[in-house]
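Taking it in order: structure first as structure tokens, then the write-up.
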Amino acid sequence: MDKPATARAGNGYTNVEADVGGFVVRCKQKDLLSQDDDAGWDYFDFEAENSLAAATGSLIWDASFAVIQLLKPGPASLSQLLVGKRVLELGSGIGLAGLCCAAAGAHVMLTDIPSVSEGILASNVASNVESYTKERSDAGNNGKPSMESFAEQAFRGNGNGPSWRNSQPLGSGSCAVGSLDFTKPMAEQALHGNSPFDADILLAIDIVWLKELVSPLARTIHSILSRTGCDAKTRKGEHVAPTAVLAFGERSHAGSAHFVSLDEVRGALKDAGCASRVHCRQLVERMGEQLSIVVLLVEPAAP
């Protein structure tokens, strides 16, 4: 499977990019090979909330490559599920996958804990919105048809329809960024005038790699999906079934003390009141070995 291109960006970062429908989504991530002693350090790195699990948010992980690949046409494509929907991404990290989903036509609220969302994630969202805005302006100045997106034409980020409040157009969809900790109750957290319970689709990519994270995530998924309607919901006359998309690498092995297995993930989801099924598997190369990426589709369990 092809991976997004990467290139050194200097100052302790690399750029990673992916082409979605002719728009190149480009995000910076920490450069672990940098020789500069202080390169890439961020004041947010020293926040008390920035645990080992949270610190991984400054890097792109393998399941993101699989989700980006699944935006393309194919038997396991996720496009039909995501395009035109209001998507809440948990643990967005650097934001590459969520921004690619937005460019492909989804309306994505990218979230992470404040040390990530207010740092590298906000920076990447802003730079991509700026690039898209410039491309659209240049196209208009050259006498080409307007690149104004459906989201901007119909809703302009006002929170009505599928776009999130305060969102910005990006490609064929829109994006916004906010702070959200999936290990804490959703009802206690605000998203700049948005509610996590307004999501049609939840997206969680490579955030269930540690055993300690699985039960809190499963409870959050059930909380949000059940609030959007146990069977279905209606927005603007459209019948939308609440669904979560989980993608993660199978890093666990027999006797693993820290990495979670597929059976443990599905078991935690079941215990939380959710039903899950394997949508597909993708293989990615990591450090000379093949890593299996599992994509699960999750819904509230039937009463």
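Every chain in the structure tokens takes a letter, A first, then B, and so on in the order presented; its residues are numbered from 1, and the ligands are numbered from 1 following the presented order.
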Tell me, as a PDB file with all heavy atoms, in the first residue's frame, which residues lie within 7 Å of Gly273 (chain A), counting only C-alpha atoms; anything in the same chain fewer than 6 positions away does not count.
```
ATOM      1  N   HIS A 222     -19.893   4.588  22.811  1.00  0.00           N
ATOM      2  CA  HIS A 222     -21.290   4.253  23.095  1.00  0.00           C
ATOM      3  C   HIS A 222     -22.078   5.482  23.519  1.00  0.00           C
ATOM      4  O   HIS A 222     -23.230   5.679  23.105  1.00  0.00           O
ATOM      5  CB  HIS A 222     -21.376   3.179  24.179  1.00  0.00           C
ATOM      6  CG  HIS A 222     -22.789   2.811  24.512  1.00  0.00           C
ATOM      7  ND1 HIS A 222     -23.470   3.367  25.573  1.00  0.00           N
ATOM      8  CD2 HIS A 222     -23.668   1.968  23.895  1.00  0.00           C
ATOM      9  CE1 HIS A 222     -24.693   2.881  25.611  1.00  0.00           C
ATOM     10  NE2 HIS A 222     -24.839   2.024  24.609  1.00  0.00           N
ATOM     11  N   PRO A 300     -24.317   1.177  17.937  1.00  0.00           N
ATOM     12  CA  PRO A 300     -24.939   0.747  19.197  1.00  0.00           C
ATOM     13  C   PRO A 300     -25.539  -0.631  19.038  1.00  0.00           C
ATOM     14  O   PRO A 300     -26.137  -0.945  18.005  1.00  0.00           O
ATOM     15  CB  PRO A 300     -26.027   1.807  19.429  1.00  0.00           C
ATOM     16  CG  PRO A 300     -25.616   2.976  18.604  1.00  0.00           C
ATOM     17  CD  PRO A 300     -24.906   2.421  17.412  1.00  0.00           C
ATOM     18  N   ALA A 301     -25.387  -1.466  20.042  1.00  0.00           N
ATOM     19  CA  ALA A 301     -25.958  -2.816  19.974  1.00  0.00           C
ATOM     20  C   ALA A 301     -27.475  -2.737  19.977  1.00  0.00           C
ATOM     21  O   ALA A 301     -28.077  -1.831  20.578  1.00  0.00           O
ATOM     22  CB  ALA A 301     -25.463  -3.636  21.154  1.00  0.00           C
TER      23      ALA A 301
END
```
(request) Write down as a VMD selection string the residues of region 88-212 of chain A whose backbone DSSP state falls under helix (DSSP H, G or I). (result) chain A and resid 96 to 104 114 to 141 150 to 154 186 to 188 196 to 198 211 to 212
(request) Find the residues near Leu203 (chain A): any atom within 9 Å, counting only C-alpha atoms, skip ones fewer than 3 places away on the same chain, and give them as a list in words. (result)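 Here the qualifying residues turn out to be Val87, Leu88, Glu89, Leu90, Gly91, Ser92, Gly98, Thr243, Ala244, Val245, Leu246 and Ala247 of chain A.
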(request) Pick out the closest residue to Gly119 (chain A) from this set: A:Lys30, A:Val278, A:Ala190, A:Ala139. Count only C-alpha atoms. (result)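 Distance minimum relative to Gly119 (chain A) lands on A:Lys30.
Minimum atom-to-atom distance to Leu59 (chain A), evaluated using only C-alpha atoms, belongs to A:Ala97 out of A:Ala126, A:Ala97, A:Val295, A:Ala268.
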Skipping near chain neighbours, those fewer than 3 positions away, what residues fall within 8 Å of Leu191 (chain A) using only C-alpha atoms, listed as a CSV table (one decimal) with all heavy atoms, in the first residue's frame?
```csv
chain,number,residue,atom,x,y,z
A,178,GLY,N,-10.9,21.4,17.6
A,178,GLY,CA,-11.3,21.7,19.0
A,178,GLY,C,-10.6,20.7,20.0
A,178,GLY,O,-9.9,19.8,19.6
A,179,SER,N,-10.7,21.0,21.3
A,179,SER,CA,-10.1,20.2,22.3
A,179,SER,C,-11.1,19.2,22.9
A,179,SER,O,-12.2,19.6,23.3
A,179,SER,CB,-9.5,21.1,23.4
A,179,SER,OG,-8.5,21.9,22.9
A,180,LEU,N,-10.7,18.0,22.9
A,180,LEU,CA,-11.6,16.9,23.5
A,180,LEU,C,-10.8,15.8,24.0
A,180,LEU,O,-9.9,15.3,23.3
A,180,LEU,CB,-12.5,16.4,22.4
A,180,LEU,CG,-13.8,15.7,22.8
A,180,LEU,CD1,-14.8,16.7,23.5
A,180,LEU,CD2,-14.5,15.2,21.5
A,194,ASN,N,-20.1,23.7,19.5
A,194,ASN,CA,-20.5,22.5,18.9
A,194,ASN,C,-20.7,21.4,20.1
A,194,ASN,O,-20.1,21.6,21.1
A,194,ASN,CB,-19.5,21.9,18.0
A,194,ASN,CG,-19.3,22.8,16.7
A,194,ASN,OD1,-20.2,22.9,15.9
A,194,ASN,ND2,-18.2,23.5,16.6
A,195,SER,N,-21.5,20.4,19.8
A,195,SER,CA,-21.6,19.3,20.7
A,195,SER,C,-21.1,18.0,20.1
A,195,SER,O,-21.4,17.7,18.9
A,195,SER,CB,-23.1,19.1,21.1
A,195,SER,OG,-23.3,17.9,21.8
A,196,PRO,N,-20.3,17.2,20.8
A,196,PRO,CA,-19.9,16.0,20.2
A,196,PRO,C,-21.0,15.0,19.9
A,196,PRO,O,-20.9,14.2,19.0
A,196,PRO,CB,-19.0,15.4,21.3
A,196,PRO,CG,-19.3,16.1,22.6
A,196,PRO,CD,-19.8,17.5,22.2
```
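Counting from CA of Asp181 (chain A), the distance to CA of Val24 (chain A) is 28.7 Å.
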